[in-house]
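Engineer: Handing you this structure, nothing more for now.
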Amino acid sequence: MLRSNDLIHLEARPYFPQLKNDTFLRAARGEQTQHVPVWCMRQAGRYLPEFREFRAGKDFFDTCRSPEACCELTLQPLRRFDFDASIIFSDILVVPQAMGMEVQMVPGKGPTFPDPLKDPEDLQRLKTKVDVQKELDYVFKAITLTRHKIEGKVPLIGFTGAPWTLMSYMIEGSGSKTFSKVKSWLYRYPEVSHMLLKRLTDVIVDYLLGQVAAGAQALQVFESHAGILGPVEFKAFCLPYLRDIARRVKDQLKETGQDVPMIVFAKDAHYGLEDLSQSYYDVVSLDWTIDPRLAREQTGGKVSLQGNMDPCALYAPKERISEIVKTMLEGFGTQRYIANLGHGMYPDMDPESVAAFVEAVHKHSRQMNKQQ
């Protein structure tokens with residue numbers, strides 16, 4: 001008997017348009033490229049006037065639950081810029097929603113949990129078994145629709161929040177300066193913390209596999225709050241679950257003969273680069289606070305790298321953006337590298353600056369490749 005996952009695989013994947021630009025995928029796998037591929041985290045976002053116009057008056061999570069809306073927002077930046085990859089418009093907090101928690105997007109405050117987890121007994125409020133195909137079907141439909149509408153122009157990236165980052169939101173209830181509530185769990189309730197992280201991991205694995213079945217051609221795992229942990233806690237409460245996600249997803253995809261590159265972005269966890277490079281991911285994404293040459297040294301050529309331009313560099317004049325890009329490329333080299341920002345773009349950024357960034361990456365990397 002076919003499961004819904006199998007139906008997506010059988011009905012959608014054979015009819016996807018042929019991919020025309022595989023530079024991003026080849027760089028992710030460590031293969032030779034003629035130029036450095038480039039995309040931006042939050043490339044579908046409020047810096048685009050068409051994004052603001054489309055989203056005006058609409059609830060954020062209602063938008064996330066509309067495959068047609070997600071598809072349109074994903075495609076908007078591709079109409080403007082020569083990106084080498086696209087990432088589906090969604091949000092990392094759809095996973096806690098699928099587990100039974102309420103999340104609201106509050107203007108001026110951001111994502112907010114009206115009733116966060118306060119003590120271990122609150123874990124009983126979470127669903128014991130999450131039917132990912134049912135709860136997150138709207139994401140899968142958005143991916144499949146976008147794969148068709150993108151017409152093979154560039155690969156489509158699926159993504160998820162990582163267990164520690166999602167746990168942080170679920171306990172803090174929103175963003176935080178100290179993260180004292182969630183970190184207190186690690187010291188007061190270590191066993192319960194591991195239990196929650198394991199449950200999140202199980203849901204995330206199913207979620208990522210569903211995204212691939214729906215048409216995602218690469219996957220990124222966002223561990224956005226990794227840097228609030230010290231090295232000891234990172235190795236105990238973060239790294240094992242990141243590894244488990246990549247290993248389990250890779251193993252299950254191999255059974256169906258699929259090879260989908262996986263990217264891990266553990267923001268501010270510089271002490272973990274060597275460990276992350278040995279954690280089954282193809283690509284390690286970097287924030288802007290680490291030197292490219294040092295990152296190459298610490299990862300030892302085991303993975304491709306992604307990043308790491310300071311997003312605020314996009315406020316610079318176009319000529320300066322070009323210089324910054326050239327210096328960044330000289331640090332990373334032009335192979336086994338994907339250009340990106342060290343974090344997402346900000347709402348007040350000029351689209352013309354994004355265009356200058358993309359153009360500079362392509363121009364300088366092609367020139368550097370010819371000189372080698």
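Residues are named by chain letter and number: chains run A, B, ... in the order of the structure tokens, numbers start at 1 in each chain, and ligands are numbered from 1 in the order shown.
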Tell me which protein, DNA and RNA residues are within 12 Å of Pro351 (chain A), counting only C-alpha atoms, leaving out same-chain ones fewer than 4 positions away, and put them as a PDB file with all heavy atoms, in the first residue's frame.
Structural biologist:
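Below you can see result.pdb, which holds the result:
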```
ATOM      1  N   CYS A  40      20.936  33.963  -1.125  1.00  0.00           N
ATOM      2  CA  CYS A  40      20.903  34.703   0.137  1.00  0.00           C
ATOM      3  C   CYS A  40      19.848  34.135   1.072  1.00  0.00           C
ATOM      4  O   CYS A  40      18.717  33.878   0.655  1.00  0.00           O
ATOM      5  CB  CYS A  40      20.595  36.185  -0.094  1.00  0.00           C
ATOM      6  SG  CYS A  40      21.889  37.114  -0.913  1.00  0.00           S
ATOM      7  N   GLN A  43      16.201  35.588   1.105  1.00  0.00           N
ATOM      8  CA  GLN A  43      16.161  36.293  -0.179  1.00  0.00           C
ATOM      9  C   GLN A  43      14.722  36.590  -0.606  1.00  0.00           C
ATOM     10  O   GLN A  43      14.481  37.517  -1.384  1.00  0.00           O
ATOM     11  CB  GLN A  43      16.909  35.513  -1.256  1.00  0.00           C
ATOM     12  CG  GLN A  43      16.335  34.172  -1.667  1.00  0.00           C
ATOM     13  CD  GLN A  43      17.273  33.429  -2.625  1.00  0.00           C
ATOM     14  OE1 GLN A  43      18.486  33.554  -2.547  1.00  0.00           O
ATOM     15  NE2 GLN A  43      16.714  32.662  -3.541  1.00  0.00           N
ATOM     16  N   ALA A  44      13.768  35.819  -0.103  1.00  0.00           N
ATOM     17  CA  ALA A  44      12.358  36.187  -0.236  1.00  0.00           C
ATOM     18  C   ALA A  44      11.988  36.921   1.040  1.00  0.00           C
ATOM     19  O   ALA A  44      11.824  36.305   2.092  1.00  0.00           O
ATOM     20  CB  ALA A  44      11.494  34.945  -0.420  1.00  0.00           C
ATOM     21  N   GLY A  45      11.887  38.254   0.961  1.00  0.00           N
ATOM     22  CA  GLY A  45      11.669  38.981   2.198  1.00  0.00           C
ATOM     23  C   GLY A  45      11.249  40.410   2.011  1.00  0.00           C
ATOM     24  O   GLY A  45      11.026  40.888   0.892  1.00  0.00           O
ATOM     25  N   ARG A  46      11.171  41.120   3.148  1.00  0.00           N
ATOM     26  CA  ARG A  46      10.571  42.451   3.188  1.00  0.00           C
ATOM     27  C   ARG A  46      11.401  43.533   2.501  1.00  0.00           C
ATOM     28  O   ARG A  46      10.922  44.654   2.338  1.00  0.00           O
ATOM     29  CB  ARG A  46      10.323  42.850   4.645  1.00  0.00           C
ATOM     30  CG  ARG A  46       9.206  42.072   5.314  1.00  0.00           C
ATOM     31  CD  ARG A  46       9.114  42.408   6.781  1.00  0.00           C
ATOM     32  NE  ARG A  46      10.246  41.867   7.528  1.00  0.00           N
ATOM     33  CZ  ARG A  46      10.504  42.162   8.801  1.00  0.00           C
ATOM     34  NH1 ARG A  46       9.734  43.017   9.445  1.00  0.00           N
ATOM     35  NH2 ARG A  46      11.537  41.621   9.413  1.00  0.00           N
ATOM     36  N   TYR A  47      12.636  43.231   2.107  1.00  0.00           N
ATOM     37  CA  TYR A  47      13.419  44.231   1.387  1.00  0.00           C
ATOM     38  C   TYR A  47      12.876  44.439  -0.039  1.00  0.00           C
ATOM     39  O   TYR A  47      13.203  45.419  -0.701  1.00  0.00           O
ATOM     40  CB  TYR A  47      14.895  43.831   1.345  1.00  0.00           C
ATOM     41  CG  TYR A  47      15.186  42.676   0.416  1.00  0.00           C
ATOM     42  CD1 TYR A  47      15.741  42.889  -0.848  1.00  0.00           C
ATOM     43  CD2 TYR A  47      14.880  41.367   0.782  1.00  0.00           C
ATOM     44  CE1 TYR A  47      15.983  41.837  -1.713  1.00  0.00           C
ATOM     45  CE2 TYR A  47      15.116  40.317  -0.073  1.00  0.00           C
ATOM     46  CZ  TYR A  47      15.672  40.547  -1.314  1.00  0.00           C
ATOM     47  OH  TYR A  47      15.906  39.499  -2.171  1.00  0.00           O
ATOM     48  N   LEU A  48      12.062  43.494  -0.522  1.00  0.00           N
ATOM     49  CA  LEU A  48      11.472  43.611  -1.852  1.00  0.00           C
ATOM     50  C   LEU A  48      10.104  44.302  -1.769  1.00  0.00           C
ATOM     51  O   LEU A  48       9.226  43.839  -1.034  1.00  0.00           O
ATOM     52  CB  LEU A  48      11.290  42.227  -2.480  1.00  0.00           C
ATOM     53  CG  LEU A  48      12.557  41.463  -2.863  1.00  0.00           C
ATOM     54  CD1 LEU A  48      12.202  40.071  -3.376  1.00  0.00           C
ATOM     55  CD2 LEU A  48      13.338  42.231  -3.920  1.00  0.00           C
ATOM     56  N   PRO A  49       9.898  45.368  -2.529  1.00  0.00           N
ATOM     57  CA  PRO A  49       8.593  46.050  -2.490  1.00  0.00           C
ATOM     58  C   PRO A  49       7.450  45.140  -2.917  1.00  0.00           C
ATOM     59  O   PRO A  49       6.345  45.237  -2.382  1.00  0.00           O
ATOM     60  CB  PRO A  49       8.773  47.228  -3.455  1.00  0.00           C
ATOM     61  CG  PRO A  49       9.994  46.918  -4.269  1.00  0.00           C
ATOM     62  CD  PRO A  49      10.861  46.062  -3.404  1.00  0.00           C
ATOM     63  N   GLU A  50       7.709  44.230  -3.862  1.00  0.00           N
ATOM     64  CA  GLU A  50       6.648  43.330  -4.298  1.00  0.00           C
ATOM     65  C   GLU A  50       6.267  42.336  -3.203  1.00  0.00           C
ATOM     66  O   GLU A  50       5.117  41.894  -3.116  1.00  0.00           O
ATOM     67  CB  GLU A  50       7.036  42.589  -5.589  1.00  0.00           C
ATOM     68  CG  GLU A  50       8.313  41.779  -5.495  1.00  0.00           C
ATOM     69  CD  GLU A  50       9.541  42.543  -5.974  1.00  0.00           C
ATOM     70  OE1 GLU A  50       9.634  43.758  -5.702  1.00  0.00           O
ATOM     71  OE2 GLU A  50      10.424  41.904  -6.595  1.00  0.00           O
ATOM     72  N   PHE A  51       7.241  41.992  -2.343  1.00  0.00           N
ATOM     73  CA  PHE A  51       6.963  41.130  -1.193  1.00  0.00           C
ATOM     74  C   PHE A  51       6.044  41.858  -0.217  1.00  0.00           C
ATOM     75  O   PHE A  51       5.037  41.310   0.236  1.00  0.00           O
ATOM     76  CB  PHE A  51       8.276  40.747  -0.505  1.00  0.00           C
ATOM     77  CG  PHE A  51       8.115  39.863   0.709  1.00  0.00           C
ATOM     78  CD1 PHE A  51       8.265  38.488   0.614  1.00  0.00           C
ATOM     79  CD2 PHE A  51       7.833  40.409   1.954  1.00  0.00           C
ATOM     80  CE1 PHE A  51       8.137  37.680   1.741  1.00  0.00           C
ATOM     81  CE2 PHE A  51       7.692  39.607   3.087  1.00  0.00           C
ATOM     82  CZ  PHE A  51       7.846  38.239   2.966  1.00  0.00           C
ATOM     83  N   GLN A  76       9.655  35.424  -6.395  1.00  0.00           N
ATOM     84  CA  GLN A  76       9.869  36.863  -6.570  1.00  0.00           C
ATOM     85  C   GLN A  76      11.346  37.245  -6.730  1.00  0.00           C
ATOM     86  O   GLN A  76      11.693  37.970  -7.681  1.00  0.00           O
ATOM     87  CB  GLN A  76       9.240  37.642  -5.418  1.00  0.00           C
ATOM     88  CG  GLN A  76       7.736  37.780  -5.530  1.00  0.00           C
ATOM     89  CD  GLN A  76       7.133  38.577  -4.392  1.00  0.00           C
ATOM     90  OE1 GLN A  76       7.807  38.915  -3.411  1.00  0.00           O
ATOM     91  NE2 GLN A  76       5.854  38.887  -4.504  1.00  0.00           N
ATOM     92  N   PRO A  77      12.244  36.817  -5.845  1.00  0.00           N
ATOM     93  CA  PRO A  77      13.645  37.225  -6.016  1.00  0.00           C
ATOM     94  C   PRO A  77      14.292  36.671  -7.273  1.00  0.00           C
ATOM     95  O   PRO A  77      15.226  37.276  -7.806  1.00  0.00           O
ATOM     96  CB  PRO A  77      14.333  36.705  -4.745  1.00  0.00           C
ATOM     97  CG  PRO A  77      13.428  35.664  -4.201  1.00  0.00           C
ATOM     98  CD  PRO A  77      12.045  36.065  -4.588  1.00  0.00           C
ATOM     99  N   ARG A  79      12.984  36.564 -10.132  1.00  0.00           N
ATOM    100  CA  ARG A  79      12.633  37.439 -11.252  1.00  0.00           C
ATOM    101  C   ARG A  79      13.542  38.666 -11.310  1.00  0.00           C
ATOM    102  O   ARG A  79      13.665  39.298 -12.348  1.00  0.00           O
ATOM    103  CB  ARG A  79      11.167  37.877 -11.127  1.00  0.00           C
ATOM    104  CG  ARG A  79      10.184  36.712 -11.164  1.00  0.00           C
ATOM    105  CD  ARG A  79       8.747  37.209 -11.101  1.00  0.00           C
ATOM    106  NE  ARG A  79       7.813  36.078 -11.006  1.00  0.00           N
ATOM    107  CZ  ARG A  79       6.928  35.923 -10.033  1.00  0.00           C
ATOM    108  NH1 ARG A  79       6.844  36.830  -9.075  1.00  0.00           N
ATOM    109  NH2 ARG A  79       6.123  34.873 -10.006  1.00  0.00           N
ATOM    110  N   ARG A  80      14.157  38.992 -10.197  1.00  0.00           N
ATOM    111  CA  ARG A  80      15.020  40.173 -10.116  1.00  0.00           C
ATOM    112  C   ARG A  80      16.512  39.856 -10.244  1.00  0.00           C
ATOM    113  O   ARG A  80      17.259  40.620 -10.851  1.00  0.00           O
ATOM    114  CB  ARG A  80      14.821  40.868  -8.762  1.00  0.00           C
ATOM    115  CG  ARG A  80      13.642  41.797  -8.665  1.00  0.00           C
ATOM    116  CD  ARG A  80      13.687  42.458  -7.300  1.00  0.00           C
ATOM    117  NE  ARG A  80      12.623  43.428  -7.100  1.00  0.00           N
ATOM    118  CZ  ARG A  80      12.790  44.743  -7.154  1.00  0.00           C
ATOM    119  NH1 ARG A  80      13.991  45.241  -7.441  1.00  0.00           N
ATOM    120  NH2 ARG A  80      11.784  45.561  -6.927  1.00  0.00           N
ATOM    121  N   PHE A  81      16.932  38.746  -9.612  1.00  0.00           N
ATOM    122  CA  PHE A  81      18.360  38.499  -9.433  1.00  0.00           C
ATOM    123  C   PHE A  81      18.794  37.174 -10.062  1.00  0.00           C
ATOM    124  O   PHE A  81      18.009  36.229 -10.158  1.00  0.00           O
ATOM    125  CB  PHE A  81      18.713  38.473  -7.933  1.00  0.00           C
ATOM    126  CG  PHE A  81      18.159  39.633  -7.162  1.00  0.00           C
ATOM    127  CD1 PHE A  81      17.200  39.427  -6.176  1.00  0.00           C
ATOM    128  CD2 PHE A  81      18.564  40.928  -7.424  1.00  0.00           C
ATOM    129  CE1 PHE A  81      16.673  40.489  -5.455  1.00  0.00           C
ATOM    130  CE2 PHE A  81      18.050  42.009  -6.713  1.00  0.00           C
ATOM    131  CZ  PHE A  81      17.096  41.784  -5.727  1.00  0.00           C
ATOM    132  N   LEU A 314      25.932  45.088   2.726  1.00  0.00           N
ATOM    133  CA  LEU A 314      25.047  45.487   1.636  1.00  0.00           C
ATOM    134  C   LEU A 314      24.608  46.945   1.743  1.00  0.00           C
ATOM    135  O   LEU A 314      24.003  47.477   0.812  1.00  0.00           O
ATOM    136  CB  LEU A 314      23.812  44.575   1.588  1.00  0.00           C
ATOM    137  CG  LEU A 314      24.060  43.124   1.166  1.00  0.00           C
ATOM    138  CD1 LEU A 314      22.749  42.354   1.131  1.00  0.00           C
ATOM    139  CD2 LEU A 314      24.739  43.047  -0.187  1.00  0.00           C
ATOM    140  N   TYR A 315      24.912  47.585   2.863  1.00  0.00           N
ATOM    141  CA  TYR A 315      24.640  49.021   2.968  1.00  0.00           C
ATOM    142  C   TYR A 315      25.743  49.848   2.305  1.00  0.00           C
ATOM    143  O   TYR A 315      25.599  51.064   2.150  1.00  0.00           O
ATOM    144  CB  TYR A 315      24.519  49.428   4.438  1.00  0.00           C
ATOM    145  CG  TYR A 315      23.329  48.837   5.150  1.00  0.00           C
ATOM    146  CD1 TYR A 315      23.490  48.047   6.285  1.00  0.00           C
ATOM    147  CD2 TYR A 315      22.024  49.065   4.700  1.00  0.00           C
ATOM    148  CE1 TYR A 315      22.403  47.504   6.960  1.00  0.00           C
ATOM    149  CE2 TYR A 315      20.934  48.517   5.361  1.00  0.00           C
ATOM    150  CZ  TYR A 315      21.127  47.744   6.491  1.00  0.00           C
ATOM    151  OH  TYR A 315      20.046  47.203   7.137  1.00  0.00           O
ATOM    152  N   LYS A 318      28.047  50.292  -4.158  1.00  0.00           N
ATOM    153  CA  LYS A 318      28.212  49.110  -5.007  1.00  0.00           C
ATOM    154  C   LYS A 318      29.678  48.765  -5.243  1.00  0.00           C
ATOM    155  O   LYS A 318      30.051  47.584  -5.273  1.00  0.00           O
ATOM    156  CB  LYS A 318      27.491  49.319  -6.334  1.00  0.00           C
ATOM    157  CG  LYS A 318      25.976  49.395  -6.197  1.00  0.00           C
ATOM    158  CD  LYS A 318      25.296  49.621  -7.537  1.00  0.00           C
ATOM    159  CE  LYS A 318      23.793  49.771  -7.374  1.00  0.00           C
ATOM    160  NZ  LYS A 318      23.116  50.028  -8.673  1.00  0.00           N
ATOM    161  N   MET A 345      18.956  38.685   5.156  1.00  0.00           N
ATOM    162  CA  MET A 345      18.898  40.097   4.806  1.00  0.00           C
ATOM    163  C   MET A 345      17.918  40.845   5.707  1.00  0.00           C
ATOM    164  O   MET A 345      16.989  40.262   6.243  1.00  0.00           O
ATOM    165  CB  MET A 345      18.504  40.258   3.340  1.00  0.00           C
ATOM    166  CG  MET A 345      19.649  39.973   2.398  1.00  0.00           C
ATOM    167  SD  MET A 345      19.247  40.350   0.687  1.00  0.00           S
ATOM    168  CE  MET A 345      18.155  39.006   0.317  1.00  0.00           C
ATOM    169  N   TYR A 346      18.152  42.151   5.840  1.00  0.00           N
ATOM    170  CA  TYR A 346      17.317  42.991   6.688  1.00  0.00           C
ATOM    171  C   TYR A 346      16.277  43.732   5.839  1.00  0.00           C
ATOM    172  O   TYR A 346      16.504  43.982   4.650  1.00  0.00           O
ATOM    173  CB  TYR A 346      18.186  43.980   7.460  1.00  0.00           C
ATOM    174  CG  TYR A 346      19.279  43.315   8.274  1.00  0.00           C
ATOM    175  CD1 TYR A 346      20.543  43.894   8.383  1.00  0.00           C
ATOM    176  CD2 TYR A 346      19.047  42.104   8.929  1.00  0.00           C
ATOM    177  CE1 TYR A 346      21.552  43.286   9.124  1.00  0.00           C
ATOM    178  CE2 TYR A 346      20.045  41.491   9.668  1.00  0.00           C
ATOM    179  CZ  TYR A 346      21.299  42.091   9.760  1.00  0.00           C
ATOM    180  OH  TYR A 346      22.288  41.475  10.487  1.00  0.00           O
ATOM    181  N   PRO A 347      15.152  44.106   6.446  1.00  0.00           N
ATOM    182  CA  PRO A 347      14.039  44.682   5.672  1.00  0.00           C
ATOM    183  C   PRO A 347      14.354  45.980   4.947  1.00  0.00           C
ATOM    184  O   PRO A 347      13.717  46.285   3.941  1.00  0.00           O
ATOM    185  CB  PRO A 347      12.960  44.910   6.745  1.00  0.00           C
ATOM    186  CG  PRO A 347      13.285  43.954   7.831  1.00  0.00           C
ATOM    187  CD  PRO A 347      14.776  43.850   7.848  1.00  0.00           C
ATOM    188  N   ALA A 355      21.603  42.935  -5.993  1.00  0.00           N
ATOM    189  CA  ALA A 355      22.025  42.689  -7.376  1.00  0.00           C
ATOM    190  C   ALA A 355      23.524  42.878  -7.539  1.00  0.00           C
ATOM    191  O   ALA A 355      24.194  42.093  -8.218  1.00  0.00           O
ATOM    192  CB  ALA A 355      21.267  43.618  -8.323  1.00  0.00           C
ATOM    193  N   ALA A 356      24.079  43.901  -6.880  1.00  0.00           N
ATOM    194  CA  ALA A 356      25.522  44.153  -6.953  1.00  0.00           C
ATOM    195  C   ALA A 356      26.302  43.011  -6.316  1.00  0.00           C
ATOM    196  O   ALA A 356      27.378  42.618  -6.807  1.00  0.00           O
ATOM    197  CB  ALA A 356      25.851  45.476  -6.268  1.00  0.00           C
ATOM    198  N   PHE A 357      25.791  42.475  -5.220  1.00  0.00           N
ATOM    199  CA  PHE A 357      26.426  41.344  -4.541  1.00  0.00           C
ATOM    200  C   PHE A 357      26.468  40.121  -5.452  1.00  0.00           C
ATOM    201  O   PHE A 357      27.521  39.495  -5.639  1.00  0.00           O
ATOM    202  CB  PHE A 357      25.649  41.039  -3.252  1.00  0.00           C
ATOM    203  CG  PHE A 357      26.026  39.759  -2.572  1.00  0.00           C
ATOM    204  CD1 PHE A 357      27.330  39.501  -2.179  1.00  0.00           C
ATOM    205  CD2 PHE A 357      25.062  38.789  -2.305  1.00  0.00           C
ATOM    206  CE1 PHE A 357      27.675  38.318  -1.537  1.00  0.00           C
ATOM    207  CE2 PHE A 357      25.387  37.611  -1.662  1.00  0.00           C
ATOM    208  CZ  PHE A 357      26.698  37.369  -1.284  1.00  0.00           C
ATOM    209  N   VAL A 358      25.345  39.779  -6.044  1.00  0.00           N
ATOM    210  CA  VAL A 358      25.266  38.606  -6.920  1.00  0.00           C
ATOM    211  C   VAL A 358      26.175  38.781  -8.135  1.00  0.00           C
ATOM    212  O   VAL A 358      26.932  37.862  -8.501  1.00  0.00           O
ATOM    213  CB  VAL A 358      23.806  38.372  -7.360  1.00  0.00           C
ATOM    214  CG1 VAL A 358      23.730  37.244  -8.391  1.00  0.00           C
ATOM    215  CG2 VAL A 358      22.928  38.049  -6.156  1.00  0.00           C
TER     216      VAL A 358
END
```
Engineer: Please provide as number ranges by chain all residues within 12 Å of Leu186 (chain A), with the sequence filter that same-chain residues fewer than 4 positions apart are discarded (counting only C-alpha atoms).
Structural biologist: A: 119-120, 164, 167-168, 171, 179-182, 190-197, 229-230, 232-234, 236-238
Engineer: With N, CA and C atoms retained, could you export that selection as a PDB file, in the first residue's frame?
Structural biologist:
```pdb
ATOM      1  N   ASP A 119       7.648  24.076  32.429  1.00  0.00           N
ATOM      2  CA  ASP A 119       8.284  23.040  33.234  1.00  0.00           C
ATOM      3  C   ASP A 119       8.093  21.691  32.539  1.00  0.00           C
ATOM      4  N   PRO A 120       8.785  20.643  32.987  1.00  0.00           N
ATOM      5  CA  PRO A 120       8.736  19.346  32.296  1.00  0.00           C
ATOM      6  C   PRO A 120       7.336  18.791  32.085  1.00  0.00           C
ATOM      7  N   TRP A 164      17.714  22.274  18.931  1.00  0.00           N
ATOM      8  CA  TRP A 164      18.022  23.208  20.006  1.00  0.00           C
ATOM      9  C   TRP A 164      17.382  24.569  19.754  1.00  0.00           C
ATOM     10  N   MET A 167      13.644  24.249  20.401  1.00  0.00           N
ATOM     11  CA  MET A 167      13.435  24.135  21.845  1.00  0.00           C
ATOM     12  C   MET A 167      13.555  25.503  22.509  1.00  0.00           C
ATOM     13  N   SER A 168      14.498  26.298  22.043  1.00  0.00           N
ATOM     14  CA  SER A 168      14.701  27.635  22.619  1.00  0.00           C
ATOM     15  C   SER A 168      13.446  28.484  22.477  1.00  0.00           C
ATOM     16  N   ILE A 171      10.421  27.281  24.724  1.00  0.00           N
ATOM     17  CA  ILE A 171      10.517  27.539  26.165  1.00  0.00           C
ATOM     18  C   ILE A 171      10.603  29.035  26.462  1.00  0.00           C
ATOM     19  N   PHE A 179      18.427  34.053  27.005  1.00  0.00           N
ATOM     20  CA  PHE A 179      18.002  32.657  26.839  1.00  0.00           C
ATOM     21  C   PHE A 179      18.104  31.902  28.167  1.00  0.00           C
ATOM     22  N   SER A 180      17.879  32.612  29.246  1.00  0.00           N
ATOM     23  CA  SER A 180      18.048  32.004  30.571  1.00  0.00           C
ATOM     24  C   SER A 180      17.002  30.930  30.868  1.00  0.00           C
ATOM     25  N   LYS A 181      15.798  31.096  30.314  1.00  0.00           N
ATOM     26  CA  LYS A 181      14.760  30.101  30.591  1.00  0.00           C
ATOM     27  C   LYS A 181      15.114  28.754  29.982  1.00  0.00           C
ATOM     28  N   VAL A 182      15.472  28.761  28.702  1.00  0.00           N
ATOM     29  CA  VAL A 182      15.757  27.484  28.055  1.00  0.00           C
ATOM     30  C   VAL A 182      17.076  26.904  28.534  1.00  0.00           C
ATOM     31  N   PRO A 190      18.236  18.014  32.639  1.00  0.00           N
ATOM     32  CA  PRO A 190      18.977  17.521  31.465  1.00  0.00           C
ATOM     33  C   PRO A 190      18.313  16.339  30.765  1.00  0.00           C
ATOM     34  N   GLU A 191      17.758  15.400  31.531  1.00  0.00           N
ATOM     35  CA  GLU A 191      17.131  14.235  30.918  1.00  0.00           C
ATOM     36  C   GLU A 191      15.877  14.625  30.136  1.00  0.00           C
ATOM     37  N   VAL A 192      15.089  15.521  30.708  1.00  0.00           N
ATOM     38  CA  VAL A 192      13.882  15.982  30.021  1.00  0.00           C
ATOM     39  C   VAL A 192      14.257  16.786  28.776  1.00  0.00           C
ATOM     40  N   SER A 193      15.329  17.561  28.880  1.00  0.00           N
ATOM     41  CA  SER A 193      15.796  18.328  27.725  1.00  0.00           C
ATOM     42  C   SER A 193      16.159  17.392  26.585  1.00  0.00           C
ATOM     43  N   HIS A 194      16.875  16.337  26.892  1.00  0.00           N
ATOM     44  CA  HIS A 194      17.226  15.359  25.856  1.00  0.00           C
ATOM     45  C   HIS A 194      15.972  14.697  25.285  1.00  0.00           C
ATOM     46  N   MET A 195      15.002  14.455  26.128  1.00  0.00           N
ATOM     47  CA  MET A 195      13.751  13.855  25.654  1.00  0.00           C
ATOM     48  C   MET A 195      13.076  14.763  24.631  1.00  0.00           C
ATOM     49  N   LEU A 196      13.011  16.072  24.933  1.00  0.00           N
ATOM     50  CA  LEU A 196      12.384  17.012  24.016  1.00  0.00           C
ATOM     51  C   LEU A 196      13.194  17.142  22.727  1.00  0.00           C
ATOM     52  N   LEU A 197      14.499  17.215  22.840  1.00  0.00           N
ATOM     53  CA  LEU A 197      15.358  17.321  21.657  1.00  0.00           C
ATOM     54  C   LEU A 197      15.218  16.088  20.765  1.00  0.00           C
ATOM     55  N   LEU A 229      25.235  28.657  23.353  1.00  0.00           N
ATOM     56  CA  LEU A 229      25.771  27.559  24.147  1.00  0.00           C
ATOM     57  C   LEU A 229      27.289  27.626  24.187  1.00  0.00           C
ATOM     58  N   GLY A 230      27.863  27.186  25.284  1.00  0.00           N
ATOM     59  CA  GLY A 230      29.305  27.016  25.342  1.00  0.00           C
ATOM     60  C   GLY A 230      29.683  25.699  24.678  1.00  0.00           C
ATOM     61  N   VAL A 232      30.908  22.877  25.729  1.00  0.00           N
ATOM     62  CA  VAL A 232      30.493  21.644  26.415  1.00  0.00           C
ATOM     63  C   VAL A 232      29.013  21.375  26.172  1.00  0.00           C
ATOM     64  N   GLU A 233      28.193  22.398  26.365  1.00  0.00           N
ATOM     65  CA  GLU A 233      26.750  22.227  26.167  1.00  0.00           C
ATOM     66  C   GLU A 233      26.422  21.998  24.691  1.00  0.00           C
ATOM     67  N   PHE A 234      27.180  22.634  23.796  1.00  0.00           N
ATOM     68  CA  PHE A 234      26.976  22.415  22.363  1.00  0.00           C
ATOM     69  C   PHE A 234      27.176  20.944  22.014  1.00  0.00           C
ATOM     70  N   ALA A 236      26.877  18.448  23.971  1.00  0.00           N
ATOM     71  CA  ALA A 236      25.928  17.584  24.671  1.00  0.00           C
ATOM     72  C   ALA A 236      24.504  17.714  24.134  1.00  0.00           C
ATOM     73  N   PHE A 237      24.065  18.958  23.871  1.00  0.00           N
ATOM     74  CA  PHE A 237      22.651  19.195  23.581  1.00  0.00           C
ATOM     75  C   PHE A 237      22.364  19.642  22.154  1.00  0.00           C
ATOM     76  N   CYS A 238      23.386  19.847  21.363  1.00  0.00           N
ATOM     77  CA  CYS A 238      23.174  20.361  20.018  1.00  0.00           C
ATOM     78  C   CYS A 238      23.752  19.429  18.963  1.00  0.00           C
TER      79      CYS A 238
END
```
Engineer: Please return as a VMD selection string: the residues of region 240-365 of chain A that backbone DSSP assigns to helix (DSSP H, G or I).
Structural biologist: chain A and resid 240 to 255 270 to 276 292 to 299 311 to 315 318 to 332 351 to 365
Engineer: Figure out the distance between CA of Gly300 (chain A) and CA of Ala246 (chain A), please, to one decimal in Å.
Structural biologist: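 Interatomic distance, CA of Ala246 (chain A) to CA of Gly300 (chain A): 19.3 Å.
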Engineer: Near Leu242 (chain A), within 9 Å and counting only C-alpha atoms, which residues show up once chain neighbours fewer than 3 positions away are dropped, as a ChimeraX atom specification?
Structural biologist: /A:162-163,201,221,223,238-239,245-247,264,276,279
Engineer: Considering only C-alpha atoms, can you say which of A:Val283, A:Thr63, A:Arg296, A:Ala214 comes closest to Gln133 (chain A)?
Structural biologist: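 Of all the options, A:Ala214 lies closest to Gln133 (chain A).
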Engineer: From a DSSP calculation on the backbone, collect every residue of region 117-290 of chain A in strand (DSSP E or B) and output the set as a PyMOL selection string.
Structural biologist: chain A and resi 156-161+218-223+262-266+283-285
Engineer: Using only C-alpha atoms, pick whichever of A:Asp275, A:Glu151, A:Glu121, A:Asp282 has the shortest atom-to-atom distance to Leu219 (chain A).
Structural biologist: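 Ranked by minimum distance to Leu219 (chain A), first place goes to A:Asp282.
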Engineer: Please, what distance in Å, to one decimal, runs between CA of Asp251 (chain A) and CA of Leu156 (chain A)?
Structural biologist: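 Separation of CA of Asp251 (chain A) and CA of Leu156 (chain A): 21.1 Å.
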Engineer: Determine, counting only C-alpha atoms, which protein, DNA and RNA residues have an atom within 7 Å of an atom of His225 (chain A); residues of the same chain fewer than 2 positions away are not included. Present the result as a list in words.
Structural biologist: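 Once the adjacent positions are removed, what remains is Thr165, Glu223, Gly227, Ile228 and Lys267 of chain A.
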Engineer: Taking only C-alpha atoms into account, name the residue in A:Lys129, A:Arg336, A:Arg248, A:Lys183 that is nearest to Arg26 (chain A).
Structural biologist: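 Closest residue, counting only C-alpha atoms: A:Arg336.
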